[in-house]
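**Q** I'd like to ask some things about the structure below.
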Amino acid sequence: MRHILAFIWKHNFFFLFLLLEVLSVILIANKSFYQRSVLSNATDRVTGGIFTTWSGITSYFSLRQENQRLAEENVRLHHILTKAQLTSDTLSVNVTDTTYNQQYTYTVATVISNSTNRRDNYIMLNKGKRHGIERDMAVINPQGVVGTVVSVSENFSWVMSLLNKHTKVSARIDRLNQMGTVVWEGGNPASGTLLDIPAHVKINKGDTIATSGYSHIFPEGIMLGTVEEIEVETGDHFYTIHFRFSADLNSLRHVYVVNNLFNKEQLELRKNIINE
Amino acid sequence: MNKAYGKDILRFFLLIAVQVLILDHINLGGYVNPSLYVLFILLLPFEIPGWALLISAFLIGFGVDSFSNSTGLHAAASVFMAFLRPWAIRMAGAPAEYEGNLKPGIADMGFRWFFAYTLLLVLAHQFILFLFEAFRLAETGYVLIRVLAGSTFTIILIILTEYLFMQKRK
């Protein structure tokens, strides 16, 4: 025993290196554990505080762009308002209203930190558990899909951006109703990849891609982007489609966090199937 | 002793701030993300004990990680780089004696020495960083591009910063 200790002491530089390196790798591998830990809550408080101050300063530089985006969204919403539609009161009309229950609620949040130049990009929001944010909520902005909430602390939350190697969003090509999966292959932060569309259907450049509504996270029909480049690898039965993201993920400011009120019910139902 | 490390402690916080508030938001084609903060590890005094070198490298890596939700990634790369530092000093040509308070910067050691020393360590750092970030073999090409682009920009930034803040020796 003495000899072992003496040996370790003699080579303490190497053993300390080994210890710290293993610790780092454990942190990388067990991210989900770290994100639920006390340590993460404490570091989030510090980093969140600093980011809030900093984004308070830098937000002035993007005000014009942000206003433009909000104005465009207002116009779109005015279009679907009842006031914008012709009403007639002369005839009695049977209205079959199929909406009877609210499924999604929206919370507005501000992006206080964002990156687009890593392989795994994350966005920090200034809302957390206290504001009703939970894991697995969708994050969108007026232009389209932004990401998914992956970790929440008391006052802040981390969002996995679309620009992440773990991204997998169920999507469809609007015109054809064909289902596929959106992933990000790294590199260009303006362009994503749509997989699993069978090679027999005819796809055009400029076709729009939106969420399918088949996931329990994203509502149906949120824009993802427009088709730019279509490829089929030889011997493959599926397209590899490169498309341009509709949301500019490099200039995010205000986003909406979407809460699916039926999330639990849908998940439980699925769990029942898997258990059987 | 305390006075000697005062500057390093200041540099520690300053470099984290510059890294996470400014450099992490730079975006050139989605490939380039210079890691200027490693300058902290490069500039630690020659005579720093091994354990302090490793632990301070771990701390600055962990600090940068906390701001980018990349737990352990920068810590792993920084610790690896610190581990190689004594070797890199030998490779670049160790100073004959540490007397006279030589510091591992351009001012004391000259441009050629500093360039070789920086090149070795930054390459090691970026290699571990992007390898662990991708974490899959299928992306080897992507990793190599990022290592080369990242190292080039990091080294340019480090040398510019060195010249900018260089204090002439009497």
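Note on naming: chains are A, B, ... as they come in the structure tokens, residues start from 1 per chain, ligands start from 1 in the order shown.
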So that I can check the surroundings of A:Ile222, please list as number ranges by chain every protein, DNA and RNA residue that reaches within 12 Å of it, counting only C-alpha atoms and ignoring chain neighbours fewer than 6 positions away.
**A** A: 138-147, 169-174, 208-213, 245-247, 258
**Q** Restricting the output to N, CA and C atoms, write the selected residues as a JSON list (two decimals), in the first residue's frame.
**A**
[["chain", "number", "residue", "atom", "x", "y", "z"],
["A", 138, "ALA", "N", -42.06, 23.01, -26.84],
["A", 138, "ALA", "CA", -41.56, 23.49, -28.12],
["A", 138, "ALA", "C", -41.22, 24.97, -28.02],
["A", 139, "VAL", "N", -40.24, 25.42, -28.78],
["A", 139, "VAL", "CA", -39.91, 26.84, -28.85],
["A", 139, "VAL", "C", -39.99, 27.28, -30.30],
["A", 140, "ILE", "N", -40.81, 28.30, -30.57],
["A", 140, "ILE", "CA", -40.96, 28.79, -31.94],
["A", 140, "ILE", "C", -40.84, 30.30, -31.95],
["A", 141, "ASN", "N", -40.67, 30.90, -33.12],
["A", 141, "ASN", "CA", -40.79, 32.35, -33.22],
["A", 141, "ASN", "C", -41.68, 32.65, -34.41],
["A", 142, "PRO", "N", -42.01, 33.92, -34.66],
["A", 142, "PRO", "CA", -42.97, 34.20, -35.74],
["A", 142, "PRO", "C", -42.57, 33.58, -37.08],
["A", 143, "GLN", "N", -41.29, 33.34, -37.30],
["A", 143, "GLN", "CA", -40.85, 32.81, -38.58],
["A", 143, "GLN", "C", -40.91, 31.28, -38.66],
["A", 144, "GLY", "N", -40.83, 30.61, -37.52],
["A", 144, "GLY", "CA", -40.87, 29.15, -37.57],
["A", 144, "GLY", "C", -40.29, 28.50, -36.33],
["A", 145, "VAL", "N", -39.92, 27.22, -36.50],
["A", 145, "VAL", "CA", -39.44, 26.42, -35.37],
["A", 145, "VAL", "C", -38.05, 26.87, -34.93],
["A", 146, "VAL", "N", -37.84, 26.91, -33.63],
["A", 146, "VAL", "CA", -36.53, 27.29, -33.08],
["A", 146, "VAL", "C", -35.86, 26.11, -32.38],
["A", 147, "GLY", "N", -36.61, 25.40, -31.51],
["A", 147, "GLY", "CA", -36.00, 24.27, -30.80],
["A", 147, "GLY", "C", -36.90, 23.68, -29.75],
["A", 169, "VAL", "N", -36.89, 16.36, -35.69],
["A", 169, "VAL", "CA", -38.24, 16.91, -35.69],
["A", 169, "VAL", "C", -39.05, 16.22, -36.78],
["A", 170, "SER", "N", -40.22, 15.72, -36.38],
["A", 170, "SER", "CA", -41.11, 15.10, -37.35],
["A", 170, "SER", "C", -41.70, 16.19, -38.24],
["A", 171, "ALA", "N", -41.48, 16.07, -39.56],
["A", 171, "ALA", "CA", -41.90, 17.14, -40.46],
["A", 171, "ALA", "C", -42.62, 16.57, -41.66],
["A", 172, "ARG", "N", -43.27, 17.45, -42.44],
["A", 172, "ARG", "CA", -43.89, 16.99, -43.68],
["A", 172, "ARG", "C", -43.73, 18.06, -44.74],
["A", 173, "ILE", "N", -43.76, 17.59, -46.00],
["A", 173, "ILE", "CA", -43.78, 18.54, -47.10],
["A", 173, "ILE", "C", -45.23, 18.92, -47.33],
["A", 174, "ASP", "N", -45.53, 20.20, -47.15],
["A", 174, "ASP", "CA", -46.92, 20.65, -47.11],
["A", 174, "ASP", "C", -47.73, 20.23, -48.33],
["A", 208, "THR", "N", -42.59, 23.97, -49.30],
["A", 208, "THR", "CA", -42.41, 24.33, -47.90],
["A", 208, "THR", "C", -42.46, 23.09, -47.01],
["A", 209, "ILE", "N", -41.66, 23.13, -45.95],
["A", 209, "ILE", "CA", -41.61, 22.05, -44.98],
["A", 209, "ILE", "C", -42.13, 22.60, -43.66],
["A", 210, "ALA", "N", -43.04, 21.87, -43.03],
["A", 210, "ALA", "CA", -43.59, 22.32, -41.75],
["A", 210, "ALA", "C", -43.66, 21.13, -40.79],
["A", 211, "THR", "N", -43.92, 21.42, -39.53],
["A", 211, "THR", "CA", -44.02, 20.33, -38.56],
["A", 211, "THR", "C", -45.25, 19.48, -38.88],
["A", 212, "SER", "N", -45.16, 18.18, -38.58],
["A", 212, "SER", "CA", -46.23, 17.27, -38.97],
["A", 212, "SER", "C", -47.38, 17.25, -37.96],
["A", 213, "GLY", "N", -47.08, 17.61, -36.71],
["A", 213, "GLY", "CA", -48.10, 17.49, -35.69],
["A", 213, "GLY", "C", -48.19, 16.08, -35.14],
["A", 245, "PHE", "N", -33.68, 27.04, -43.44],
["A", 245, "PHE", "CA", -34.55, 27.27, -42.28],
["A", 245, "PHE", "C", -35.33, 28.56, -42.45],
["A", 246, "SER", "N", -36.61, 28.55, -42.10],
["A", 246, "SER", "CA", -37.40, 29.77, -42.22],
["A", 246, "SER", "C", -37.06, 30.73, -41.08],
["A", 247, "ALA", "N", -36.74, 30.22, -39.92],
["A", 247, "ALA", "CA", -36.36, 31.09, -38.80],
["A", 247, "ALA", "C", -34.87, 31.40, -38.92],
["A", 258, "VAL", "N", -44.13, 26.85, -26.29],
["A", 258, "VAL", "CA", -45.44, 26.25, -26.50],
["A", 258, "VAL", "C", -45.65, 25.11, -25.53]]
**Q** Distance cut-off 8 Å, counting only C-alpha atoms - which residues of chain A neighbour chain B? Return them as a PyMOL selection string.
**A** chain A and resi 12-14+16-17+20-21+23-28+31+34+43-44+47+51+54+114-120+122+158+186-189
**Q** With a distance cut-off of 9 Å and only C-alpha atoms, select the neighbouring residues of A:Gly48, excluding the residue or stretch itself and same-chain residues fewer than 5 positions from it, and output the selection as a VMD selection string.
**A** (chain A and resid 43 53 112 to 113 124 to 126 155 to 156) or (chain B and resid 67)
**Q** Between A:Val152, A:Val257, A:Leu249, A:Val182, which is the closest to A:Asn121 once you count only C-alpha atoms?
**A** A:Leu249
**Q** Give me, please, the distance in Å between atom CA of B:Ser151 and atom CA of B:Leu123, quoted to one decimal.
**A**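 So the two atoms, atom CA of B:Ser151 and atom CA of B:Leu123, lie 5.9 Å apart.
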**Q** In Å, how far is it from atom CA of A:Ser191 to atom CA of A:Leu252?
**A** 15.9 Å
**Q** Hey, what does DSSP flag as helix (DSSP H, G or I) within stretch 55-249 of chain A? Can you give it to me as a ChimeraX atom specification?
**A** /A:55-80,82-84,129-131
**Q** DSSP on the backbone: which residues in stretch 139-238 of chain A end up as strand (DSSP E or B)? Give the answer as a ChimeraX atom specification.
**A** /A:139-141,144-152,157-161,169-173,178-183,191-198,208-211,223-232,238
**Q** Might you pull out every residue within 8 Å of B:Asp8, with only C-alpha atoms counted and same-chain residues fewer than 3 positions away left off, and present them as a list in words?
**A**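 The residues that qualify are Ala4, Tyr5, Arg11, Phe12, Phe40, Leu43 and Leu44 of chain B.
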**Q** Could you list, as a list in words, every residue within 10 Å of B:Thr154, counting only C-alpha atoms and ignoring same-chain residues fewer than 5 positions away?
**A**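 In the requested format, the answer is Val32, Asn33, Pro34, Ser35, Leu36, Tyr37, Val38, Leu39, Thr118, Leu119, Val122, Leu123, Gln126, Leu148, Ala149, Ile159 and Leu160 of chain B.
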**Q** Work out how far atom CA of B:Lys103 is from atom CA of B:Glu162, in Å to one decimal.
**A**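 These two atoms are separated by 12.2 Å.
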